[in-house]
file input_16.cif (mmCIF, C-alpha atoms)
data_work
#
loop_
_atom_site.group_PDB
_atom_site.id
_atom_site.type_symbol
_atom_site.label_atom_id
_atom_site.label_comp_id
_atom_site.auth_asym_id
_atom_site.auth_seq_id
_atom_site.Cartn_x
_atom_site.Cartn_y
_atom_site.Cartn_z
ATOM 1 C CA THR I 1 -55.013 -86.792 -31.572
ATOM 2 C CA LEU I 2 -57.455 -83.944 -31.242
ATOM 3 C CA ASP I 3 -59.345 -83.648 -27.969
ATOM 4 C CA TRP I 4 -61.666 -80.754 -27.172
ATOM 5 C CA ARG I 5 -61.613 -79.805 -23.485
ATOM 6 C CA GLY I 6 -64.173 -77.071 -23.061
ATOM 7 C CA ASP I 7 -62.983 -74.113 -25.116
ATOM 8 C CA LEU I 8 -59.512 -75.613 -25.693
ATOM 9 C CA LEU I 9 -58.396 -78.159 -28.281
ATOM 10 C CA LYS I 10 -55.569 -80.401 -27.068
ATOM 11 C CA VAL I 11 -53.401 -81.470 -30.016
ATOM 12 C CA SER I 12 -50.860 -84.284 -29.681
ATOM 13 C CA GLY I 13 -49.117 -86.628 -32.065
ATOM 14 C CA THR I 14 -45.922 -88.269 -33.201
ATOM 15 C CA LEU I 15 -44.267 -87.482 -36.522
ATOM 16 C CA ASP I 16 -41.726 -89.529 -38.446
ATOM 17 C CA LYS I 17 -38.250 -88.056 -38.906
ATOM 18 C CA ILE I 18 -38.898 -86.463 -42.298
ATOM 19 C CA THR I 19 -42.307 -85.017 -41.412
ATOM 20 C CA GLY I 20 -40.956 -83.837 -38.056
ATOM 21 C CA ALA I 21 -38.103 -82.023 -39.781
ATOM 22 C CA LYS I 22 -40.560 -80.361 -42.161
ATOM 23 C CA PHE I 23 -42.774 -79.288 -39.270
ATOM 24 C CA GLU I 24 -39.782 -77.956 -37.343
ATOM 25 C CA ALA I 25 -38.653 -76.013 -40.430
ATOM 26 C CA LEU I 26 -42.079 -74.328 -40.523
ATOM 27 C CA ILE I 27 -42.232 -73.577 -36.783
ATOM 28 C CA ASP I 28 -38.651 -72.422 -36.102
ATOM 29 C CA PRO I 29 -38.698 -69.146 -38.082
ATOM 30 C CA LEU I 30 -42.011 -68.218 -36.471
ATOM 31 C CA ALA I 31 -40.857 -69.119 -32.930
ATOM 32 C CA LYS I 32 -37.835 -66.827 -32.768
ATOM 33 C CA PRO I 33 -37.855 -64.456 -29.774
ATOM 34 C CA ARG I 34 -39.199 -61.007 -30.528
ATOM 35 C CA PRO I 35 -36.516 -58.338 -30.774
ATOM 36 C CA THR I 36 -35.656 -56.559 -27.536
ATOM 37 C CA THR I 37 -37.651 -53.358 -27.175
ATOM 38 C CA SER I 38 -37.882 -50.580 -24.600
ATOM 39 C CA GLU I 39 -40.011 -53.052 -22.606
ATOM 40 C CA GLY I 40 -37.107 -55.533 -22.563
ATOM 41 C CA PRO I 41 -36.505 -58.921 -24.160
ATOM 42 C CA ASP I 42 -39.246 -61.297 -25.226
ATOM 43 C CA PRO I 43 -40.597 -62.719 -21.928
ATOM 44 C CA ARG I 44 -42.104 -65.870 -23.491
ATOM 45 C CA THR I 45 -40.528 -69.265 -22.867
ATOM 46 C CA ARG I 46 -39.466 -71.391 -25.830
ATOM 47 C CA THR I 47 -42.570 -73.551 -25.338
ATOM 48 C CA GLN I 48 -44.814 -70.466 -25.351
ATOM 49 C CA ARG I 49 -43.100 -69.134 -28.478
ATOM 50 C CA GLN I 50 -43.561 -72.494 -30.218
ATOM 51 C CA GLY I 51 -47.244 -72.545 -29.233
ATOM 52 C CA ASP I 52 -47.684 -69.028 -30.596
ATOM 53 C CA ALA I 53 -45.796 -70.097 -33.745
ATOM 54 C CA PHE I 54 -48.132 -73.074 -34.188
ATOM 55 C CA ALA I 55 -51.147 -70.730 -33.958
ATOM 56 C CA GLU I 56 -49.478 -68.371 -36.458
ATOM 57 C CA LEU I 57 -48.752 -71.312 -38.776
ATOM 58 C CA ILE I 58 -52.441 -72.201 -38.752
ATOM 59 C CA ASP I 59 -53.308 -68.599 -39.632
ATOM 60 C CA LEU I 60 -50.685 -68.588 -42.391
ATOM 61 C CA MET I 61 -52.006 -71.831 -43.851
ATOM 62 C CA LEU I 62 -55.416 -70.214 -44.080
ATOM 63 C CA ARG I 63 -53.639 -67.586 -46.229
ATOM 64 C CA ALA I 64 -51.229 -70.033 -47.910
ATOM 65 C CA ASP I 65 -50.248 -67.628 -50.667
ATOM 66 C CA GLN I 66 -48.627 -65.430 -47.963
ATOM 67 C CA MET I 67 -46.593 -68.231 -46.278
ATOM 68 C CA PRO I 68 -42.910 -67.340 -45.746
ATOM 69 C CA GLU I 69 -40.576 -69.592 -47.707
ATOM 70 C CA HIS I 70 -37.794 -69.568 -45.096
ATOM 71 C CA GLY I 71 -37.950 -67.185 -42.178
ATOM 72 C CA GLY I 72 -39.779 -64.745 -44.413
ATOM 73 C CA GLU I 73 -37.023 -64.677 -47.006
ATOM 74 C CA PRO I 74 -37.048 -66.667 -50.266
ATOM 75 C CA VAL I 75 -34.198 -69.153 -50.434
ATOM 76 C CA THR I 76 -31.709 -68.567 -53.260
ATOM 77 C CA LEU I 77 -28.937 -70.930 -54.343
ATOM 78 C CA THR I 78 -26.215 -69.679 -56.651
ATOM 79 C CA LEU I 79 -23.946 -72.255 -58.250
ATOM 80 C CA THR I 80 -20.892 -71.359 -60.297
ATOM 81 C CA MET I 81 -19.215 -74.022 -62.391
ATOM 82 C CA ARG I 82 -18.033 -74.720 -65.903
ATOM 83 C CA TYR I 83 -20.774 -75.682 -68.346
ATOM 84 C CA ASP I 84 -18.880 -78.829 -69.437
ATOM 85 C CA ASP I 85 -18.735 -80.023 -65.804
ATOM 86 C CA LEU I 86 -22.449 -79.362 -65.372
ATOM 87 C CA ALA I 87 -23.361 -81.113 -68.632
ATOM 88 C CA ALA I 88 -21.235 -84.130 -67.697
ATOM 89 C CA GLN I 89 -23.234 -84.547 -64.451
ATOM 90 C CA VAL I 90 -26.757 -84.276 -65.881
ATOM 91 C CA GLY I 91 -28.859 -86.965 -64.262
ATOM 92 C CA ALA I 92 -26.459 -87.444 -61.330
ATOM 93 C CA ALA I 93 -27.614 -86.604 -57.837
#
call {"tool": "encode", "arguments": {"input": "input_16.cif", "output": "structure tokens"}}
result
Amino acid sequence: TLDWRGDLLKVSGTLDKITGAKFEALIDPLAKPRPTTSEGPDPRTRTQRQGDAFAELIDLMLRADQMPEHGGEPVTLTLTMRYDDLAAQVGAA
């Protein structure tokens, strides 16, 4: 649900398992604590970091062509196997 309360929008909802996992996969890389600096470690709680990540996700979606694929790094899978084994499994999952 979306509920405006003055200048704040309260957002709440329930996601199914698959959608929740997708949402979590988008939020987690953005909610990591900031690196420790001369000012010390990131003082934000996990909840605050997740809230900031949600706001950043909204900004990123407004610039969707700049959205990180996985923590800012493209995911790469390298598979090494014999061609005959690969060809024999075409269509199998």
call {"tool": "residues_around", "arguments": {"input": "input_16.cif", "residues": "Pro43 of chain I", "least_positions_apart": "2", "cutoff": "9 Å", "atoms": "only C-alpha atoms", "output": "JSON, numbers by chain"}}
result
{"I": [33, 34, 40, 41, 45]}
call {"tool": "atom_distance", "arguments": {"input": "input_16.cif", "atom1": "atom CA of Gly91 of chain I", "atom2": "atom CA of Ile18 of chain I"}}
result
24.2 Å
call {"tool": "atom_distance", "arguments": {"input": "input_16.cif", "atom1": "atom CA of Trp4 of chain I", "atom2": "atom CA of Gly51 of chain I"}}
result
16.7 Å
call {"tool": "atom_distance", "arguments": {"input": "input_16.cif", "atom1": "atom CA of Pro29 of chain I", "atom2": "atom CA of Lys10 of chain I"}}
result
23.1 Å
call {"tool": "residues_around", "arguments": {"input": "input_16.cif", "residues": "Gln50 of chain I", "least_positions_apart": "2", "cutoff": "8 Å", "atoms": "only C-alpha atoms", "output": "compact mmCIF listing (two decimals) with C-alpha atoms, in the frame of the given file"}}
result
# COMPACT_ATOMS: atom_id res chain seq x y z
CA ILE I 27 -42.23 -73.58 -36.78
CA ASP I 28 -38.65 -72.42 -36.10
CA LEU I 30 -42.01 -68.22 -36.47
CA ALA I 31 -40.86 -69.12 -32.93
CA ARG I 46 -39.47 -71.39 -25.83
CA THR I 47 -42.57 -73.55 -25.34
CA GLN I 48 -44.81 -70.47 -25.35
CA ASP I 52 -47.68 -69.03 -30.60
CA ALA I 53 -45.80 -70.10 -33.74
CA PHE I 54 -48.13 -73.07 -34.19
call {"tool": "axis_aligned_box", "arguments": {"input": "input_16.cif", "around": "segment 55-65 of chain I", "padding_each_side": "3 Å", "output": "JSON"}}
result
{"center_x": -52.1, "center_y": -69.9, "center_z": -42.3, "size_x": 12.7, "size_y": 10.6, "size_z": 22.7}
call {"tool": "resolve_selection", "arguments": {"input": "input_16.cif", "expression": "the PyMOL selection byres ((chain I and resi 1) around 12)", "output": "number ranges by chain"}}
result
I: 2-4, 9-15
